[in-house]
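The next block is run.csv, given as CSV, C-alpha atoms and all ligand atoms.
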```
chain,number,residue,atom,x,y,z
X,1,MET,CA,93.1,121.3,136.1
X,2,GLU,CA,90.3,120.0,138.3
X,3,ILE,CA,91.1,122.8,140.6
X,4,LEU,CA,90.1,125.3,137.9
X,5,ALA,CA,86.7,123.6,137.5
X,6,GLN,CA,86.2,123.8,141.3
X,7,HIS,CA,87.2,127.5,141.4
X,8,TYR,CA,84.9,128.2,138.5
X,9,GLN,CA,82.0,126.5,140.3
X,10,GLU,CA,82.7,128.5,143.4
X,11,VAL,CA,82.5,131.8,141.5
X,12,CYS,CA,79.2,130.7,139.9
X,13,ASP,CA,77.9,129.9,143.4
X,14,ARG,CA,79.0,133.3,144.7
X,15,ILE,CA,77.2,135.1,141.9
X,16,THR,CA,74.0,133.0,142.5
X,17,ARG,CA,74.0,133.7,146.3
X,18,ALA,CA,74.8,137.4,145.8
X,19,ALA,CA,71.9,137.8,143.3
X,20,GLN,CA,69.4,135.9,145.5
X,21,ALA,CA,70.5,137.9,148.6
X,22,CYS,CA,69.2,141.0,146.9
X,23,GLY,CA,66.2,139.5,145.2
X,24,ARG,CA,67.7,139.4,141.7
X,25,GLU,CA,67.6,136.6,139.2
X,26,PRO,CA,71.0,134.9,139.1
X,27,SER,CA,70.7,134.8,135.3
X,28,SER,CA,70.6,138.6,135.2
X,29,VAL,CA,74.4,138.6,136.1
X,30,ARG,CA,76.8,137.6,133.3
X,31,LEU,CA,80.2,136.2,134.3
X,32,LEU,CA,83.2,137.4,132.3
X,33,ALA,CA,86.2,135.1,133.0
X,34,VAL,CA,89.3,137.3,132.9
X,35,SER,CA,92.1,135.1,131.5
X,36,LYS,CA,94.8,137.7,131.1
X,37,THR,CA,98.3,136.2,131.7
X,38,PHE,CA,96.9,132.6,131.7
X,39,GLY,CA,97.5,130.2,128.8
X,40,VAL,CA,95.1,128.6,126.4
X,41,ASP,CA,95.1,125.3,128.4
X,42,ALA,CA,93.4,127.1,131.4
X,43,ILE,CA,90.9,128.7,129.0
X,44,ARG,CA,90.0,125.4,127.4
X,45,THR,CA,89.4,123.9,130.9
X,46,VAL,CA,87.1,126.8,132.0
X,47,ALA,CA,85.3,126.7,128.6
X,48,ALA,CA,84.7,123.0,129.1
X,49,CYS,CA,82.8,123.9,132.3
X,50,GLY,CA,80.4,125.9,130.1
X,51,GLN,CA,81.9,129.4,130.3
X,52,VAL,CA,81.5,131.4,127.1
X,53,ASP,CA,82.7,135.0,127.8
X,54,PHE,CA,86.4,135.6,128.3
X,55,GLY,CA,88.2,138.9,129.0
X,56,GLU,CA,91.7,140.0,128.0
X,57,ASN,CA,93.7,143.1,128.9
X,58,TYR,CA,96.7,143.0,126.7
X,59,ILE,CA,95.8,143.3,123.0
X,60,GLN,CA,98.5,141.2,121.4
X,61,GLU,CA,98.3,138.5,124.0
X,62,GLY,CA,94.5,138.4,123.7
X,63,VAL,CA,94.6,138.2,119.8
X,64,ASP,CA,97.2,135.3,119.9
X,65,LYS,CA,94.8,133.3,122.2
X,66,ILE,CA,91.7,134.2,120.2
X,67,GLN,CA,93.3,133.0,116.9
X,68,GLN,CA,94.4,129.8,118.4
X,69,LEU,CA,91.1,129.0,120.2
X,70,ARG,CA,88.9,130.0,117.3
X,71,ALA,CA,90.6,127.4,115.2
X,72,GLU,CA,89.5,124.6,117.6
X,73,SER,CA,85.9,123.3,117.4
X,74,ALA,CA,85.4,123.1,121.2
X,75,THR,CA,86.3,126.8,121.7
X,76,ALA,CA,85.4,128.3,118.3
X,77,GLY,CA,82.2,129.9,119.8
X,78,LEU,CA,83.8,131.7,122.7
X,79,VAL,CA,83.0,135.4,123.1
X,80,TRP,CA,86.0,137.7,123.5
X,81,HIS,CA,86.0,140.9,125.5
X,82,CYS,CA,88.8,143.5,125.4
X,83,ILE,CA,88.9,145.1,128.9
X,84,GLY,CA,92.3,146.9,128.9
X,85,PRO,CA,93.5,150.3,127.7
X,86,ILE,CA,93.7,150.7,123.9
X,87,GLN,CA,96.4,152.8,122.1
X,88,SER,CA,95.5,154.1,118.7
X,89,ASN,CA,98.0,151.8,117.0
X,90,LYS,CA,96.2,148.7,118.4
X,91,THR,CA,92.6,149.6,117.4
X,92,ARG,CA,92.8,147.6,114.2
X,93,LEU,CA,93.7,144.4,116.0
X,94,VAL,CA,90.9,144.9,118.4
X,95,ALA,CA,88.3,145.7,115.7
X,96,GLU,CA,89.3,142.6,113.7
X,97,HIS,CA,89.4,140.0,116.6
X,98,PHE,CA,87.4,140.9,119.6
X,99,ASP,CA,83.5,140.8,120.0
X,100,TRP,CA,83.3,143.4,122.8
X,101,VAL,CA,85.3,146.4,124.1
X,102,HIS,CA,84.6,147.6,127.7
X,103,SER,CA,87.3,150.2,127.8
X,104,ILE,CA,86.2,153.0,125.5
X,105,ASP,CA,87.0,156.3,127.1
X,106,ARG,CA,87.6,158.7,124.2
X,107,LEU,CA,85.9,159.4,120.9
X,108,LYS,CA,89.0,159.0,118.8
X,109,ILE,CA,89.5,155.4,119.8
X,110,ALA,CA,85.8,154.7,119.2
X,111,GLN,CA,85.9,156.2,115.7
X,112,ARG,CA,88.9,154.2,114.7
X,113,LEU,CA,87.3,151.0,116.0
X,114,SER,CA,84.1,151.7,114.0
X,115,GLU,CA,86.1,152.5,110.8
X,116,GLN,CA,88.3,149.4,111.2
X,117,ARG,CA,85.5,146.9,112.1
X,118,PRO,CA,85.4,144.4,109.2
X,119,ALA,CA,82.2,144.4,107.2
X,120,HIS,CA,81.7,140.7,107.5
X,121,LEU,CA,81.6,140.9,111.3
X,122,PRO,CA,78.6,142.1,113.4
X,123,PRO,CA,79.0,145.5,115.0
X,124,LEU,CA,81.5,145.7,117.9
X,125,GLN,CA,79.7,145.7,121.3
X,126,VAL,CA,81.1,148.4,123.5
X,127,CYS,CA,80.8,149.9,126.9
X,128,LEU,CA,82.2,153.3,128.1
X,129,GLN,CA,84.7,153.1,130.9
X,130,VAL,CA,83.9,155.7,133.5
X,131,ASN,CA,86.3,157.1,136.0
X,132,ILE,CA,83.7,156.9,138.8
X,133,ASP,CA,86.0,157.7,141.7
X,134,GLY,CA,87.9,160.4,139.9
X,135,GLY,CA,91.5,159.2,140.3
X,136,GLU,CA,93.6,161.7,138.3
X,137,THR,CA,95.8,159.1,136.7
X,138,LYS,CA,93.1,156.6,135.9
X,139,SER,CA,91.6,155.9,132.5
X,140,GLY,CA,87.9,156.4,132.0
X,141,VAL,CA,85.7,159.3,131.0
X,142,MET,CA,84.7,161.6,133.8
X,143,PRO,CA,81.1,161.0,134.9
X,144,ASN,CA,79.9,164.4,133.8
X,145,GLU,CA,81.2,163.8,130.3
X,146,ALA,CA,79.8,160.3,129.9
X,147,LEU,CA,76.5,161.3,128.2
X,148,ALA,CA,78.2,163.4,125.6
X,149,LEU,CA,80.6,160.6,124.7
X,150,ALA,CA,77.7,158.1,124.7
X,151,ARG,CA,75.8,160.3,122.2
X,152,ALA,CA,78.8,160.5,119.9
X,153,VAL,CA,79.5,156.7,120.1
X,154,VAL,CA,75.9,155.9,119.3
X,155,ALA,CA,76.3,157.7,116.0
X,156,LEU,CA,79.1,155.4,114.9
X,157,PRO,CA,77.8,152.8,112.4
X,158,ARG,CA,80.0,149.8,113.3
X,159,LEU,CA,79.7,150.0,117.1
X,160,THR,CA,76.7,149.1,119.3
X,161,LEU,CA,76.8,150.9,122.7
X,162,ARG,CA,75.8,148.5,125.5
X,163,GLY,CA,76.5,150.3,128.7
X,164,LEU,CA,79.2,151.3,131.3
X,165,MET,CA,82.3,149.8,132.8
X,166,THR,CA,84.2,150.8,135.9
X,167,ILE,CA,87.3,149.7,137.8
X,168,PRO,CA,87.0,151.7,141.1
X,169,ASP,CA,89.9,151.7,143.5
X,170,PRO,CA,89.3,149.5,146.6
X,171,ALA,CA,87.4,151.7,149.2
X,172,ALA,CA,88.0,151.9,152.9
X,173,ASN,CA,85.2,149.5,153.8
X,174,GLU,CA,82.3,147.7,152.3
X,175,ALA,CA,79.8,150.5,152.8
X,176,ALA,CA,82.1,152.9,150.9
X,177,MET,CA,82.6,150.4,148.1
X,178,LEU,CA,78.9,149.8,147.8
X,179,ALA,CA,78.3,153.6,147.6
X,180,VAL,CA,80.8,153.9,144.7
X,181,HIS,CA,79.1,151.1,142.8
X,182,GLN,CA,75.7,152.7,143.5
X,183,ARG,CA,76.9,156.0,142.0
X,184,THR,CA,77.8,154.1,138.8
X,185,ALA,CA,74.4,152.5,138.7
X,186,VAL,CA,72.8,155.9,139.0
X,187,LEU,CA,74.9,157.2,136.1
X,188,TRP,CA,74.0,154.1,134.1
X,189,ARG,CA,70.2,154.8,134.6
X,190,GLU,CA,70.8,158.5,133.7
X,191,LEU,CA,72.4,157.4,130.5
X,192,GLN,CA,69.5,155.0,129.8
X,193,SER,CA,67.0,157.9,130.2
X,194,GLY,CA,69.2,160.2,128.1
X,195,LEU,CA,69.4,157.7,125.2
X,196,PRO,CA,66.0,156.0,125.4
X,197,ASP,CA,66.4,154.4,121.9
X,198,GLN,CA,69.5,152.4,123.0
X,199,ALA,CA,69.4,149.1,124.9
X,200,LEU,CA,72.2,150.1,127.3
X,201,ASP,CA,71.6,146.8,129.1
X,202,VAL,CA,75.1,146.2,130.5
X,203,LEU,CA,76.7,147.5,133.7
X,204,SER,CA,80.1,146.0,133.8
X,205,MET,CA,81.4,146.3,137.4
X,206,GLY,CA,82.7,144.0,140.1
X,207,MET,CA,85.8,141.8,140.2
X,208,THR,CA,87.0,139.0,142.5
X,209,ALA,CA,87.1,141.2,145.6
X,210,ASP,CA,83.9,143.1,145.3
X,211,LEU,CA,81.5,141.1,143.0
X,212,GLU,CA,78.9,140.7,145.8
X,213,LEU,CA,78.7,144.5,146.4
X,214,ALA,CA,78.6,145.2,142.7
X,215,ILE,CA,75.7,142.8,142.2
X,216,GLN,CA,73.9,144.4,145.1
X,217,ALA,CA,74.3,147.8,143.4
X,218,GLY,CA,72.9,146.4,140.1
X,219,SER,CA,75.9,145.1,138.1
X,220,THR,CA,74.9,142.9,135.2
X,221,LEU,CA,78.4,141.7,134.3
X,222,VAL,CA,81.2,140.8,136.7
X,223,ARG,CA,84.7,140.4,135.5
X,224,VAL,CA,86.5,137.7,137.5
X,225,GLY,CA,90.1,136.7,137.1
X,226,THR,CA,91.9,135.7,140.3
X,227,ALA,CA,89.0,133.7,141.9
X,228,ILE,CA,88.9,131.4,138.8
X,229,PHE,CA,92.4,131.2,137.4
X,230,GLY,CA,94.4,132.0,140.6
X,231,ARG,CA,97.0,134.7,141.4
X,232,ARG,CA,98.8,136.4,138.5
S,301,LIG,C1,92.4,142.0,135.8
S,301,LIG,C2,91.0,142.6,135.6
S,301,LIG,C3,89.9,142.1,136.2
S,301,LIG,C4,89.9,140.8,137.1
S,301,LIG,O1,90.4,141.2,138.3
S,301,LIG,P1,90.4,140.1,139.5
S,301,LIG,O2,90.6,140.9,140.7
S,301,LIG,O3,91.6,139.2,139.2
S,301,LIG,O4,89.1,139.3,139.5
S,301,LIG,C5,88.7,142.7,135.9
S,301,LIG,N1,88.6,143.8,135.2
S,301,LIG,C6,89.7,144.4,134.6
S,301,LIG,C7,89.5,145.6,133.8
S,301,LIG,C8,90.9,143.8,134.8
S,301,LIG,O5,92.0,144.4,134.3
```

What is this file in structure tokens?
Ligand SMILES: *Cc1c(COP(=O)(O)O)cnc(C)c1O
Amino acid sequence: MEILAQHYQEVCDRITRAAQACGREPSSVRLLAVSKTFGVDAIRTVAACGQVDFGENYIQEGVDKIQQLRAESATAGLVWHCIGPIQSNKTRLVAEHFDWVHSIDRLKIAQRLSEQRPAHLPPLQVCLQVNIDGGETKSGVMPNEALALARAVVALPRLTLRGLMTIPDPAANEAAMLAVHQRTAVLWRELQSGLPDQALDVLSMGMTADLELAIQAGSTLVRVGTAIFGRR
């Protein structure tokens, strides 16, 4: 388990160095530890290092871990982010258990989440997933439809729109990858000017392989699995 603490520290150091290299405050980049496929023991260890935000892809697997860890005092305050695709029949589970959803890409899912968010919980914090590199089979709203979806999501009472999320395919080289991330950052700023009353303070992009480039392009939240927990 010590190895997890070491990997976790290495990821924190990568984020600090990447932010400093482009003149940003390291604290302006939030780390989401992506714990999908790993068990609650590994999550407890990383939480004991001070990590608060955890991301899960598979709804039922995530809910099982959330229920178990919320019942323990050391991990009761963890913040849970749903980052995977959501089918209509899973929205209630998501609305009742998660704090954040990064993978909103159609209005129907957003409407169901808003309707099903329990009254005793704060609004669900959401990001729109954007298909920034246009892969035909990929999830995510197309960039030219993002503003319209954002306007509709902002009108839903039990959701708070916080920004954008992307999962671009690996590009041919670092310059090409950086350019893709920069396109997302431009879209994010366009959304901020289109919806000036909303905070839209989150740009969720960058994973184990490309977090430095994402931070250089302006990411405020990197989602890191492999570099912390190991290979899946
Ligand atoms: C699995 C996953 C990650 C983490 O990817 P790593 O390459 O393991 O860091 C980040 N975001 C999403 C949406 C994922 O599904």

Could the residues of stretch 15-43 of chain X that have an atom at most 10 Å from stretch 62-80 of chain X be listed as a tab-separated table, each with its closest atom pair and the distance in Å to one decimal, counting only C-alpha atoms and ordered by chain and ascending residue number?
```
residue	atom	partner	partner_atom	distance
X:Leu32	CA	X:Trp80	CA	9.2
X:Ala33	CA	X:Trp80	CA	9.9
X:Val34	CA	X:Trp80	CA	10.0
X:Ser35	CA	X:Gly62	CA	8.8
X:Lys36	CA	X:Gly62	CA	7.4
X:Thr37	CA	X:Gly62	CA	9.1
X:Phe38	CA	X:Lys65	CA	9.8
X:Gly39	CA	X:Lys65	CA	7.8
X:Val40	CA	X:Lys65	CA	6.3
X:Asp41	CA	X:Leu69	CA	9.8
X:Ile43	CA	X:Leu69	CA	8.8
```

Checklist line | Surrounding residues as a ChimeraX atom specification, ligand LIG 301 (chain S), max 10 Å, only C-alpha atoms and all ligand atoms | finding: /X:32-37,55-58,82-85,102-103,129,165-168,204-211,222-232

Item checked: Between atom CA of X:His97 and atom CA of X:Pro157, distance in Å (one decimal) -> 17.8 Å

Next item on the list: Enter the distance from atom CA of X:Ala217 to atom CA of X:Val154, in Å, rounded to one decimal.
Entry: 25.5 Å

Margin query: At a cut-off of 10 Å, using all atoms listed in the file, what residues contact X:Gly194? Leave out same-chain residues fewer than 5 positions from it and give the result as a VMD selection string.
Written below: chain X and resid 147 to 148 150 to 151 188 to 189

Next item on the list: Within 8 Å of X:Arg112, counting all atoms listed in the file, which residues show up once you throw out same-chain ones fewer than 3 positions away? Write them as JSON, numbers by chain, please.
Entry: {"X": [88, 91, 92, 108, 109, 115, 116]}

Notebook entry, point to check: Hey, can you check how far atom CA of X:Phe98 sits from atom CA of X:Gln182?
Noted result: 29.1 Å

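Proximity to X:Val126 was assessed for X:Arg158, X:Lys138, X:Arg17, X:Arg24 counting all atoms listed in the file; the smallest distance is recorded for X:Arg158.
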
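Distance check against X:Cys22 using only C-alpha atoms: of X:Ile215, X:Ala48, X:Ala119, X:Ile132, the minimum falls on X:Ile215.
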
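Among X:Leu203, X:Asp99, X:Arg162, X:Thr137, the residue with the shortest atom-to-atom distance to X:Arg183, counting all atoms listed in the file, is X:Leu203.
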
Checklist line | Residue neighbourhood X:Ala185, 9 Å, only C-alpha atoms, exclusion window fewer than 5 positions, as a VMD selection string | finding: chain X and resid 164 180 190 203 217 to 219
